[in-house]
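Chemist: Have a peek at input19.cif (mmCIF, C-alpha atoms).
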```
data_model
#
loop_
_atom_site.label_atom_id
_atom_site.label_comp_id
_atom_site.auth_asym_id
_atom_site.auth_seq_id
_atom_site.Cartn_x
_atom_site.Cartn_y
_atom_site.Cartn_z
CA MET A 1 0.00 0.00 0.00
CA SER A 2 1.08 3.54 -0.73
CA ASP A 3 1.89 5.91 2.11
CA PHE A 4 0.21 8.83 0.32
CA PRO A 5 -3.44 9.54 1.23
CA SER A 6 -6.08 8.91 -1.37
CA PRO A 7 -7.34 11.98 -3.20
CA LEU A 8 -10.57 13.62 -2.07
CA PRO A 9 -13.72 12.68 -4.01
CA THR A 10 -14.67 15.21 -6.59
CA PRO A 11 -18.20 16.67 -6.34
CA LEU A 12 -20.67 15.43 -8.87
CA PRO A 13 -21.87 17.93 -11.40
CA SER A 14 -25.27 19.44 -10.79
CA THR A 15 -28.11 17.78 -12.62
CA THR A 16 -29.90 21.11 -13.04
CA ALA A 17 -28.67 23.14 -15.90
CA PRO A 18 -28.10 26.89 -15.45
CA GLY A 19 -30.68 27.68 -18.11
CA ALA A 20 -33.33 25.65 -16.30
CA ALA A 21 -32.64 27.45 -12.99
CA VAL A 22 -32.93 30.84 -14.67
CA SER A 23 -36.20 29.83 -16.35
CA THR A 24 -37.57 28.64 -13.00
CA LEU A 25 -36.77 31.97 -11.34
CA ILE A 26 -38.38 33.88 -14.20
CA THR A 27 -41.51 31.73 -13.97
CA ARG A 28 -41.77 32.34 -10.22
CA GLY A 29 -41.30 36.07 -10.70
CA ARG A 30 -44.03 36.09 -13.30
CA ARG A 31 -46.45 34.27 -10.98
CA LYS A 32 -45.97 36.58 -7.97
CA PRO A 33 -47.91 39.64 -9.18
CA GLY A 34 -51.01 37.61 -10.04
CA SER A 35 -50.95 35.72 -6.75
CA SER A 36 -50.47 38.94 -4.76
CA ARG A 37 -53.42 40.56 -6.55
CA SER A 38 -55.63 37.59 -5.76
CA THR A 39 -54.46 37.66 -2.14
CA ARG A 40 -55.29 41.35 -1.86
CA ARG A 41 -58.68 40.75 -3.43
CA ILE A 42 -59.46 37.97 -0.95
CA SER A 43 -58.31 40.11 1.98
CA ARG A 44 -60.57 42.97 0.81
CA HIS A 45 -63.51 40.60 0.62
CA LEU A 46 -62.78 39.22 4.08
CA ARG A 47 -62.47 42.74 5.47
CA ALA A 48 -65.81 43.73 3.94
CA ILE A 49 -67.45 40.62 5.38
CA ARG A 50 -65.96 41.35 8.81
CA ILE A 51 -67.21 44.96 8.73
CA SER A 52 -70.67 43.83 7.66
CA LEU A 53 -70.85 41.24 10.42
CA THR A 54 -69.66 43.79 12.98
CA GLY A 55 -72.37 46.23 11.89
CA MET A 56 -75.03 43.52 12.07
CA ILE A 57 -73.86 42.48 15.55
CA LEU A 58 -73.91 46.13 16.67
CA LEU A 59 -77.47 46.60 15.41
CA ALA A 60 -78.54 43.36 17.10
CA VAL A 61 -76.99 44.50 20.40
CA LEU A 62 -78.74 47.89 20.17
CA TYR A 63 -82.07 46.20 19.45
CA THR A 64 -81.56 43.83 22.38
CA VAL A 65 -80.65 46.72 24.70
CA VAL A 66 -83.81 48.62 23.75
CA LEU A 67 -86.02 45.53 23.89
CA GLY A 68 -84.66 44.40 27.26
CA LYS A 69 -84.75 47.83 28.92
CA SER A 70 -87.06 46.74 31.74
CA LEU A 71 -84.69 43.88 32.58
CA LEU A 72 -81.30 45.48 31.93
CA VAL A 73 -81.84 48.78 33.79
CA PRO A 74 -82.43 47.12 37.22
CA LEU A 75 -79.58 44.70 36.52
CA VAL A 76 -77.06 47.44 35.66
CA LEU A 77 -78.20 49.61 38.58
CA ALA A 78 -77.90 46.68 40.98
CA ALA A 79 -74.43 45.84 39.63
CA PHE A 80 -73.21 49.40 40.24
CA ILE A 81 -74.70 49.54 43.74
CA GLY A 82 -73.21 46.12 44.52
CA LEU A 83 -69.76 47.24 43.33
CA ALA A 84 -70.01 50.39 45.41
CA LEU A 85 -71.02 48.53 48.58
CA ASN A 86 -68.77 45.49 48.09
CA PRO A 87 -65.72 47.00 49.91
CA ILE A 88 -67.81 47.34 53.07
CA VAL A 89 -68.79 43.67 53.00
CA VAL A 90 -65.22 42.61 52.17
CA ALA A 91 -63.87 44.64 55.11
CA ALA A 92 -66.40 42.96 57.43
CA ALA A 93 -65.43 39.51 56.11
CA ARG A 94 -61.76 40.16 56.87
CA VAL A 95 -62.54 40.51 60.58
CA ARG A 96 -64.31 37.11 60.65
CA PHE A 97 -67.77 38.66 60.25
CA PRO A 98 -70.24 36.52 58.26
CA ARG A 99 -70.60 37.85 54.76
CA TRP A 100 -74.35 37.31 54.59
CA LEU A 101 -74.89 39.13 57.89
CA ALA A 102 -72.78 42.08 56.74
CA ALA A 103 -74.80 42.21 53.50
CA VAL A 104 -78.07 42.16 55.47
CA ILE A 105 -76.90 45.03 57.70
CA VAL A 106 -75.77 47.09 54.72
CA MET A 107 -79.01 46.52 52.84
CA VAL A 108 -81.20 47.29 55.86
CA THR A 109 -79.28 50.51 56.51
CA LEU A 110 -79.53 51.54 52.86
CA ASN A 111 -83.25 50.80 52.63
CA VAL A 112 -84.04 52.60 55.88
CA GLY A 113 -82.16 55.64 54.65
CA LEU A 114 -83.97 55.62 51.30
CA VAL A 115 -87.40 55.18 52.88
CA SER A 116 -86.71 57.98 55.36
CA ALA A 117 -85.54 60.30 52.58
CA ILE A 118 -88.59 59.54 50.44
CA ALA A 119 -90.96 60.04 53.37
CA THR A 120 -89.30 63.35 54.24
CA LEU A 121 -89.15 64.75 50.70
CA SER A 122 -92.40 63.43 49.20
CA THR A 123 -94.64 66.00 50.91
CA PRO A 124 -92.69 69.13 49.86
CA ALA A 125 -92.25 67.71 46.35
CA LEU A 126 -96.01 67.16 45.96
CA ASN A 127 -96.68 70.64 47.35
CA TRP A 128 -94.37 72.19 44.76
CA PHE A 129 -96.04 70.23 41.99
CA HIS A 130 -99.48 71.42 43.08
CA GLU A 131 -98.51 75.04 43.74
CA ALA A 132 -96.26 75.58 40.70
CA PRO A 133 -99.07 76.47 38.21
CA THR A 134 -100.64 78.95 40.65
CA ALA A 135 -97.28 80.54 41.40
CA MET A 136 -96.51 80.87 37.70
CA ARG A 137 -99.84 82.57 37.04
CA ALA A 138 -99.20 84.95 39.92
CA PHE A 139 -95.71 85.72 38.63
CA ALA A 140 -96.82 86.33 35.03
CA PRO A 141 -97.99 89.95 35.64
CA LYS A 142 -94.56 90.81 37.10
CA ILE A 143 -92.77 90.00 33.86
CA LYS A 144 -95.47 91.39 31.59
CA PRO A 145 -93.60 94.70 30.91
CA MET A 146 -90.51 92.69 29.85
CA THR A 147 -92.58 90.49 27.54
CA GLN A 148 -94.27 93.54 26.05
CA GLN A 149 -90.88 95.04 25.24
CA ILE A 150 -89.74 91.78 23.64
CA GLU A 151 -92.96 91.59 21.63
CA ALA A 152 -92.56 95.23 20.47
CA ALA A 153 -88.99 94.51 19.37
CA SER A 154 -90.20 91.41 17.50
CA ARG A 155 -92.89 93.45 15.70
CA ALA A 156 -90.35 96.09 14.74
CA THR A 157 -88.04 93.43 13.33
CA GLN A 158 -90.89 91.88 11.35
CA ASN A 159 -91.79 95.30 9.91
CA LEU A 160 -88.18 95.95 8.90
CA VAL A 161 -87.90 92.69 7.01
CA GLY A 162 -91.35 93.25 5.46
CA GLY A 163 -93.00 90.22 6.98
CA ALA A 164 -96.41 89.97 8.51
CA VAL A 165 -96.71 90.02 12.24
CA THR A 166 -98.22 86.86 13.58
CA ARG A 167 -99.99 86.83 16.87
CA ASN A 168 -100.26 83.70 18.86
CA ALA A 169 -103.74 82.95 20.01
CA PRO A 170 -104.03 82.73 23.79
CA GLN A 171 -104.12 79.18 24.96
CA ALA A 172 -105.93 77.94 27.97
CA ASN A 173 -103.69 76.99 30.86
CA ALA A 174 -103.59 73.26 31.26
CA GLY A 175 -104.29 72.25 34.79
CA PHE A 176 -101.92 69.91 36.58
CA ALA A 177 -103.71 67.12 38.38
CA PHE A 178 -101.82 64.72 40.60
CA THR A 179 -104.18 62.65 42.70
CA ALA A 180 -103.75 59.84 45.16
CA TRP A 181 -105.06 57.40 42.54
CA ASP A 182 -102.03 58.08 40.35
CA ILE A 183 -99.77 57.09 43.23
CA VAL A 184 -101.78 53.94 43.93
CA ALA A 185 -101.82 52.96 40.25
CA GLY A 186 -98.07 53.36 39.82
CA ALA A 187 -97.04 51.96 43.19
CA PRO A 188 -96.94 48.22 42.24
CA LYS A 189 -94.58 48.77 39.33
CA VAL A 190 -92.29 51.00 41.38
CA LEU A 191 -92.28 48.57 44.31
CA ALA A 192 -91.51 45.64 41.99
CA SER A 193 -88.56 47.50 40.48
CA VAL A 194 -87.21 48.53 43.90
CA LEU A 195 -87.58 44.99 45.24
CA THR A 196 -85.82 43.55 42.19
CA VAL A 197 -82.88 45.93 42.56
CA ALA A 198 -82.64 45.26 46.31
CA LEU A 199 -82.60 41.47 45.85
CA LEU A 200 -80.02 41.67 43.07
CA VAL A 201 -77.76 43.90 45.18
CA PHE A 202 -78.05 41.52 48.13
CA PHE A 203 -77.16 38.47 46.03
CA PHE A 204 -74.27 40.33 44.38
CA LEU A 205 -72.88 41.20 47.82
CA VAL A 206 -73.25 37.67 49.17
CA TYR A 207 -72.35 35.52 46.15
CA GLY A 208 -70.22 37.89 44.07
CA ASP A 209 -66.90 36.31 45.04
CA GLU A 210 -68.28 32.80 44.58
CA ILE A 211 -69.41 33.66 41.04
CA LEU A 212 -65.92 34.99 40.32
CA ARG A 213 -64.34 31.85 41.74
CA ARG A 214 -66.53 29.60 39.59
CA ALA A 215 -65.64 31.65 36.51
CA VAL A 216 -61.93 31.27 37.28
CA GLU A 217 -62.26 27.51 37.78
CA ILE A 218 -63.22 26.99 34.15
CA SER A 219 -60.07 28.76 32.90
CA PRO A 220 -57.76 26.41 30.96
CA THR A 221 -54.37 27.07 32.59
CA PHE A 222 -53.06 28.29 35.93
CA ALA A 223 -51.35 31.30 34.37
CA TYR A 224 -54.59 32.28 32.66
CA LYS A 225 -56.46 31.89 35.95
CA ARG A 226 -53.98 34.08 37.80
CA HIS A 227 -54.09 36.72 35.07
CA THR A 228 -57.91 36.71 35.08
CA VAL A 229 -58.10 37.07 38.86
CA SER A 230 -55.63 39.96 38.91
CA ILE A 231 -57.51 41.83 36.17
CA VAL A 232 -60.93 41.29 37.72
CA ARG A 233 -59.72 42.27 41.20
CA SER A 234 -58.04 45.45 39.99
CA ILE A 235 -61.09 46.45 37.95
CA GLN A 236 -63.37 45.71 40.89
CA VAL A 237 -61.30 47.85 43.25
CA GLU A 238 -61.01 50.75 40.81
CA VAL A 239 -64.70 50.75 39.87
CA SER A 240 -65.77 50.49 43.52
CA SER A 241 -63.51 53.37 44.55
CA TYR A 242 -64.75 55.49 41.65
CA LEU A 243 -68.42 54.86 42.47
CA LEU A 244 -67.97 55.52 46.19
CA LEU A 245 -65.97 58.68 45.54
CA THR A 246 -68.50 59.96 43.00
CA ALA A 247 -71.38 59.30 45.38
CA ALA A 248 -69.54 61.05 48.22
CA ILE A 249 -68.81 64.09 46.03
CA ASN A 250 -72.43 64.32 44.88
CA VAL A 251 -73.81 63.97 48.42
CA THR A 252 -71.42 66.68 49.62
CA LEU A 253 -72.56 68.92 46.78
CA GLY A 254 -76.18 68.33 47.77
CA LEU A 255 -75.49 69.18 51.42
CA VAL A 256 -73.62 72.36 50.46
CA THR A 257 -76.47 73.34 48.14
CA ALA A 258 -79.06 72.72 50.85
CA GLY A 259 -77.06 74.82 53.32
CA MET A 260 -76.72 77.64 50.80
CA LEU A 261 -80.46 77.64 50.09
CA TYR A 262 -81.23 77.60 53.82
CA LEU A 263 -79.07 80.69 54.31
CA TYR A 264 -80.85 82.44 51.44
CA GLY A 265 -84.26 81.58 52.88
CA VAL A 266 -85.40 79.33 50.02
CA PRO A 267 -88.13 76.92 51.20
CA ASP A 268 -87.48 73.16 51.27
CA PRO A 269 -83.69 73.29 50.91
CA LEU A 270 -83.30 69.53 51.46
CA LEU A 271 -85.52 68.82 48.45
CA TRP A 272 -83.39 70.93 46.11
CA GLY A 273 -80.20 69.57 47.66
CA THR A 274 -81.41 66.06 46.81
CA VAL A 275 -82.20 67.19 43.26
CA ALA A 276 -78.65 68.54 42.96
CA THR A 277 -77.21 65.25 44.29
CA VAL A 278 -79.11 63.04 41.84
CA ALA A 279 -78.68 65.36 38.85
CA ASN A 280 -74.92 65.66 39.39
CA PHE A 281 -74.52 62.04 38.28
CA ILE A 282 -75.12 63.47 34.79
CA PRO A 283 -72.13 65.74 34.05
CA TYR A 284 -72.80 69.14 32.48
CA VAL A 285 -76.48 68.40 31.84
CA GLY A 286 -77.20 67.81 35.54
CA ALA A 287 -75.58 71.07 36.63
CA ILE A 288 -77.42 73.05 33.95
CA THR A 289 -80.73 71.43 34.90
CA THR A 290 -80.28 72.12 38.62
CA THR A 291 -79.26 75.73 37.93
CA THR A 292 -82.40 76.23 35.84
CA VAL A 293 -84.60 74.67 38.52
CA LEU A 294 -83.08 76.89 41.22
CA ALA A 295 -83.60 79.95 39.01
CA VAL A 296 -87.29 79.08 38.64
CA VAL A 297 -87.64 78.41 42.37
CA GLY A 298 -85.96 81.72 43.21
CA VAL A 299 -88.18 83.62 40.78
CA LEU A 300 -91.29 82.05 42.28
CA HIS A 301 -90.24 82.72 45.86
CA PHE A 302 -88.61 86.16 45.78
CA GLN A 303 -90.16 89.40 44.57
CA GLU A 304 -87.08 91.07 43.08
CA VAL A 305 -84.94 89.82 40.24
CA GLY A 306 -81.59 90.09 42.06
CA PRO A 307 -82.43 87.91 45.09
CA ALA A 308 -84.37 85.56 42.81
CA LEU A 309 -81.33 84.74 40.66
CA LEU A 310 -78.83 84.66 43.53
CA PRO A 311 -79.35 80.95 44.48
CA ALA A 312 -78.88 79.82 40.87
CA ALA A 313 -75.76 81.97 40.43
CA THR A 314 -74.28 80.67 43.69
CA PHE A 315 -74.96 77.07 42.70
CA ALA A 316 -73.31 77.67 39.33
CA GLY A 317 -70.19 78.87 41.15
CA ILE A 318 -70.24 75.85 43.48
CA THR A 319 -70.52 73.39 40.57
CA ALA A 320 -67.72 75.19 38.72
CA ILE A 321 -65.41 74.69 41.71
CA GLU A 322 -66.52 71.09 42.15
CA GLY A 323 -66.17 70.14 38.48
CA ASN A 324 -62.88 71.92 37.74
CA LEU A 325 -60.97 71.59 41.02
CA LEU A 326 -62.42 69.13 43.54
CA THR A 327 -63.39 66.18 41.34
CA PRO A 328 -60.20 66.14 39.18
CA MET A 329 -58.04 66.44 42.29
CA LEU A 330 -59.74 63.53 44.07
CA GLN A 331 -60.30 61.17 41.16
CA GLY A 332 -57.03 61.78 39.33
CA ARG A 333 -56.44 61.31 35.63
CA ARG A 334 -57.39 57.62 35.37
CA SER A 335 -61.12 58.30 35.75
CA ARG A 336 -61.24 61.55 33.78
CA LEU A 337 -63.25 61.40 30.57
CA SER A 338 -63.38 63.50 27.44
CA PRO A 339 -66.33 65.94 27.38
CA VAL A 340 -67.10 64.92 23.79
CA ALA A 341 -67.20 61.24 24.79
CA ILE A 342 -69.45 62.07 27.77
CA LEU A 343 -71.94 64.01 25.65
CA LEU A 344 -72.04 61.35 22.94
CA TRP A 345 -72.49 58.62 25.55
CA LEU A 346 -75.27 60.61 27.24
CA LEU A 347 -77.05 61.06 23.91
CA ILE A 348 -76.81 57.36 23.08
CA TRP A 349 -78.00 56.00 26.41
CA GLY A 350 -80.55 58.77 26.92
CA TRP A 351 -82.00 57.82 23.54
CA LEU A 352 -81.96 54.10 24.38
CA TRP A 353 -83.13 54.12 28.02
CA GLY A 354 -84.40 57.63 28.72
CA ILE A 355 -83.70 59.21 32.12
CA PRO A 356 -82.34 55.97 33.70
CA GLY A 357 -79.92 55.67 30.80
CA ALA A 358 -78.76 59.26 31.25
CA LEU A 359 -78.15 58.64 34.97
CA LEU A 360 -76.22 55.41 34.34
CA ALA A 361 -74.35 56.57 31.22
CA VAL A 362 -71.27 58.15 32.81
CA PRO A 363 -70.69 55.36 35.39
CA MET A 364 -70.96 52.86 32.55
CA LEU A 365 -68.51 54.85 30.41
CA THR A 366 -66.05 55.09 33.29
CA CYS A 367 -66.27 51.34 33.90
CA VAL A 368 -65.78 50.68 30.18
CA LYS A 369 -62.68 52.85 30.25
CA LEU A 370 -61.24 51.05 33.28
CA VAL A 371 -61.98 47.64 31.77
CA THR A 372 -60.60 48.40 28.28
CA ALA A 373 -57.43 49.87 29.79
CA LYS A 374 -56.73 46.42 31.29
CA LEU A 375 -57.56 44.34 28.21
CA ARG A 376 -54.95 43.70 25.57
CA GLY A 377 -55.94 45.13 22.21
CA TRP A 378 -58.52 47.56 23.64
CA GLU A 379 -56.18 50.22 25.05
CA TRP A 380 -56.96 52.47 22.07
CA PHE A 381 -60.58 52.88 23.16
CA ALA A 382 -59.57 53.87 26.70
CA HIS A 383 -57.12 56.37 25.20
CA ILE A 384 -59.76 57.90 22.90
CA ILE A 385 -62.33 58.55 25.64
CA SER A 386 -59.74 59.86 28.10
CA ARG A 387 -59.33 63.54 28.76
#
```
So, in terms of structure tokens, how does the structure I just supplied come out?

Modeler:
Amino acid sequence: MSDFPSPLPTPLPSTTAPGAAVSTLITRGRRKPGSSRSTRRISRHLRAIRISLTGMILLAVLYTVVLGKSLLVPLVLAAFIGLALNPIVVAAARVRFPRWLAAVIVMVTLNVGLVSAIATLSTPALNWFHEAPTAMRAFAPKIKPMTQQIEAASRATQNLVGGAVTRNAPQANAGFAFTAWDIVAGAPKVLASVLTVALLVFFFLVYGDEILRRAVEISPTFAYKRHTVSIVRSIQVEVSSYLLLTAAINVTLGLVTAGMLYLYGVPDPLLWGTVATVANFIPYVGAITTTTVLAVVGVLHFQEVGPALLPAATFAGITAIEGNLLTPMLQGRRSRLSPVAILLWLLIWGWLWGIPGALLAVPMLTCVKLVTAKLRGWEWFAHIISR
């Protein structure tokens, strides 16, 4: 044998000719534009189908919301009240206090307070309803000179533009009748709604954590369960703190308004303070409504224009301080909403549910913002409605 190593094997020549490789590349290059056009066409069709399905689902949801108003309004109201009162029950459970007993105490206290407030305010409210037409007729002669001047200016304007002056025929004053039969006829429906809300709140307080635990049990993995629990707990704490803080701010505003009206000598200050508290759950619109109501009450009670408009002007200043300084300082930036988003949301839910929808619109929008800020892929919506 030879001591020299054997030569390395030479590589075999490629079976594919260079011309064939070039022709293959050219063929692939020629096929790409057509395939890309077909892909874009398919993606456009899929996008159109997805948009159409989204619109149909949105219309179906709106129809369901309107159709199920009598069921959904008590459910949403009970959910908000349950979230607001849940920290109290949780704090009682931490000190080894039975959860059901804490829920019973909270509900009894809440119901006693509501019944006492209704019993205290129902009589002055009915008196105002009955006496308002008479007071307006008595006040009409006081503003007659002002209306005559406005009518004279209107006639002069019509003459300048060459139009005919139209006179409105006097209309008979419609009487306002509010009898005990109206209360008796509407009492069953009101009592059924109140009882439904009270039972739902009680069950939310007692079995809320158990429902959450059962929902977590069906999660596929432990990491998903832990992530779900952390998100739900954080949302629950933030929504509860927002609702409690908003309720405390509104109650404080009502007490300050009642004290201001008492100092000015306006009758039934607690009634108008309660109106201010409830109306302040509707931003902007609630303050404007309460200011208008106080202006009418002042005009009906006082003889001169200056003292008559003083309560409304003072309330406008109080709400300006509350809305621009107190509420932003206490709630921070996380719960602040865009005024455009608030007005659009009020229009939508006021159109769908009426007055209950207007009262629940802003709490719902705030909860939607807090929830979407925690969900992946929905942060854009929370950013859009933020201020």

Chemist: Take atom CA of A:Pro339 and atom CA of A:Trp378 and report the distance between them in Å, one decimal.

Modeler: 20.3 Å

Chemist: Pick out the closest residue to A:Trp349 from this set: A:Leu205, A:Ala361, A:Leu62, A:Val237. Count all atoms listed in the file.

Modeler: A:Ala361

Chemist: Determine the residue set returned by the PyMOL selection byres ((chain A and resi 251-259) around 9) for the present structure, and present it as a PDB file with C-alpha atoms, in the frame of the given file.

Modeler:
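What ended up in out.pdb:
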```pdb
ATOM      1  CA  THR A 246     -68.500  59.960  43.000  1.00  0.00           C
ATOM      2  CA  ALA A 247     -71.380  59.300  45.380  1.00  0.00           C
ATOM      3  CA  ALA A 248     -69.540  61.050  48.220  1.00  0.00           C
ATOM      4  CA  ILE A 249     -68.810  64.090  46.030  1.00  0.00           C
ATOM      5  CA  ASN A 250     -72.430  64.320  44.880  1.00  0.00           C
ATOM      6  CA  MET A 260     -76.720  77.640  50.800  1.00  0.00           C
ATOM      7  CA  LEU A 261     -80.460  77.640  50.090  1.00  0.00           C
ATOM      8  CA  TYR A 262     -81.230  77.600  53.820  1.00  0.00           C
ATOM      9  CA  LEU A 263     -79.070  80.690  54.310  1.00  0.00           C
ATOM     10  CA  TYR A 264     -80.850  82.440  51.440  1.00  0.00           C
ATOM     11  CA  ASP A 268     -87.480  73.160  51.270  1.00  0.00           C
ATOM     12  CA  PRO A 269     -83.690  73.290  50.910  1.00  0.00           C
ATOM     13  CA  LEU A 270     -83.300  69.530  51.460  1.00  0.00           C
ATOM     14  CA  LEU A 271     -85.520  68.820  48.450  1.00  0.00           C
ATOM     15  CA  TRP A 272     -83.390  70.930  46.110  1.00  0.00           C
ATOM     16  CA  GLY A 273     -80.200  69.570  47.660  1.00  0.00           C
ATOM     17  CA  THR A 274     -81.410  66.060  46.810  1.00  0.00           C
ATOM     18  CA  VAL A 275     -82.200  67.190  43.260  1.00  0.00           C
ATOM     19  CA  ALA A 276     -78.650  68.540  42.960  1.00  0.00           C
ATOM     20  CA  THR A 277     -77.210  65.250  44.290  1.00  0.00           C
ATOM     21  CA  VAL A 278     -79.110  63.040  41.840  1.00  0.00           C
ATOM     22  CA  ASN A 280     -74.920  65.660  39.390  1.00  0.00           C
ATOM     23  CA  PRO A 311     -79.350  80.950  44.480  1.00  0.00           C
ATOM     24  CA  THR A 314     -74.280  80.670  43.690  1.00  0.00           C
ATOM     25  CA  PHE A 315     -74.960  77.070  42.700  1.00  0.00           C
ATOM     26  CA  ILE A 318     -70.240  75.850  43.480  1.00  0.00           C
ATOM     27  CA  THR A 319     -70.520  73.390  40.570  1.00  0.00           C
ATOM     28  CA  GLU A 322     -66.520  71.090  42.150  1.00  0.00           C
TER      29      GLU A 322
END
```

Chemist: Go through A:Asn86, A:Asn324, A:Thr366, A:Thr64 and flag the residue nearest A:Phe202, using only C-alpha atoms for the distances.

Modeler: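 Of all the options, A:Asn86 lies closest to A:Phe202.
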
Chemist: Quick check on the file I pasted: which residues fall under the PyMOL selection byres ((chain A and resi 190-200) around 12)? Write them as a VMD selection string.

Modeler: chain A and resid 70 to 83 103 to 104 106 to 111 114 to 115 183 to 189 201 to 208

Chemist: Would you output that residue set with C-alpha atoms, as a PDB file, in the frame of the given file?

Modeler:
```pdb
ATOM      1  CA  SER A  70     -87.060  46.740  31.740  1.00  0.00           C
ATOM      2  CA  LEU A  71     -84.690  43.880  32.580  1.00  0.00           C
ATOM      3  CA  LEU A  72     -81.300  45.480  31.930  1.00  0.00           C
ATOM      4  CA  VAL A  73     -81.840  48.780  33.790  1.00  0.00           C
ATOM      5  CA  PRO A  74     -82.430  47.120  37.220  1.00  0.00           C
ATOM      6  CA  LEU A  75     -79.580  44.700  36.520  1.00  0.00           C
ATOM      7  CA  VAL A  76     -77.060  47.440  35.660  1.00  0.00           C
ATOM      8  CA  LEU A  77     -78.200  49.610  38.580  1.00  0.00           C
ATOM      9  CA  ALA A  78     -77.900  46.680  40.980  1.00  0.00           C
ATOM     10  CA  ALA A  79     -74.430  45.840  39.630  1.00  0.00           C
ATOM     11  CA  PHE A  80     -73.210  49.400  40.240  1.00  0.00           C
ATOM     12  CA  ILE A  81     -74.700  49.540  43.740  1.00  0.00           C
ATOM     13  CA  GLY A  82     -73.210  46.120  44.520  1.00  0.00           C
ATOM     14  CA  LEU A  83     -69.760  47.240  43.330  1.00  0.00           C
ATOM     15  CA  ALA A 103     -74.800  42.210  53.500  1.00  0.00           C
ATOM     16  CA  VAL A 104     -78.070  42.160  55.470  1.00  0.00           C
ATOM     17  CA  VAL A 106     -75.770  47.090  54.720  1.00  0.00           C
ATOM     18  CA  MET A 107     -79.010  46.520  52.840  1.00  0.00           C
ATOM     19  CA  VAL A 108     -81.200  47.290  55.860  1.00  0.00           C
ATOM     20  CA  THR A 109     -79.280  50.510  56.510  1.00  0.00           C
ATOM     21  CA  LEU A 110     -79.530  51.540  52.860  1.00  0.00           C
ATOM     22  CA  ASN A 111     -83.250  50.800  52.630  1.00  0.00           C
ATOM     23  CA  LEU A 114     -83.970  55.620  51.300  1.00  0.00           C
ATOM     24  CA  VAL A 115     -87.400  55.180  52.880  1.00  0.00           C
ATOM     25  CA  ILE A 183     -99.770  57.090  43.230  1.00  0.00           C
ATOM     26  CA  VAL A 184    -101.780  53.940  43.930  1.00  0.00           C
ATOM     27  CA  ALA A 185    -101.820  52.960  40.250  1.00  0.00           C
ATOM     28  CA  GLY A 186     -98.070  53.360  39.820  1.00  0.00           C
ATOM     29  CA  ALA A 187     -97.040  51.960  43.190  1.00  0.00           C
ATOM     30  CA  PRO A 188     -96.940  48.220  42.240  1.00  0.00           C
ATOM     31  CA  LYS A 189     -94.580  48.770  39.330  1.00  0.00           C
ATOM     32  CA  VAL A 201     -77.760  43.900  45.180  1.00  0.00           C
ATOM     33  CA  PHE A 202     -78.050  41.520  48.130  1.00  0.00           C
ATOM     34  CA  PHE A 203     -77.160  38.470  46.030  1.00  0.00           C
ATOM     35  CA  PHE A 204     -74.270  40.330  44.380  1.00  0.00           C
ATOM     36  CA  LEU A 205     -72.880  41.200  47.820  1.00  0.00           C
ATOM     37  CA  VAL A 206     -73.250  37.670  49.170  1.00  0.00           C
ATOM     38  CA  TYR A 207     -72.350  35.520  46.150  1.00  0.00           C
ATOM     39  CA  GLY A 208     -70.220  37.890  44.070  1.00  0.00           C
TER      40      GLY A 208
END
```

Chemist: Go ahead and compute the interatomic distance for atom CA of A:Leu330 and atom CA of A:Leu245, in Å to one decimal.

Modeler: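 Atom-to-atom, atom CA of A:Leu330 and atom CA of A:Leu245 are spaced 8.0 Å apart.
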
Chemist: Starting from the point (-69.5, 65.0, 29.2), work out which residues of protein, DNA or RNA have an atom no more than 9 Å away when counting all atoms listed in the file; state them as an NGL selection string.

Modeler: :A and (282-285 or 337-346 or 362)
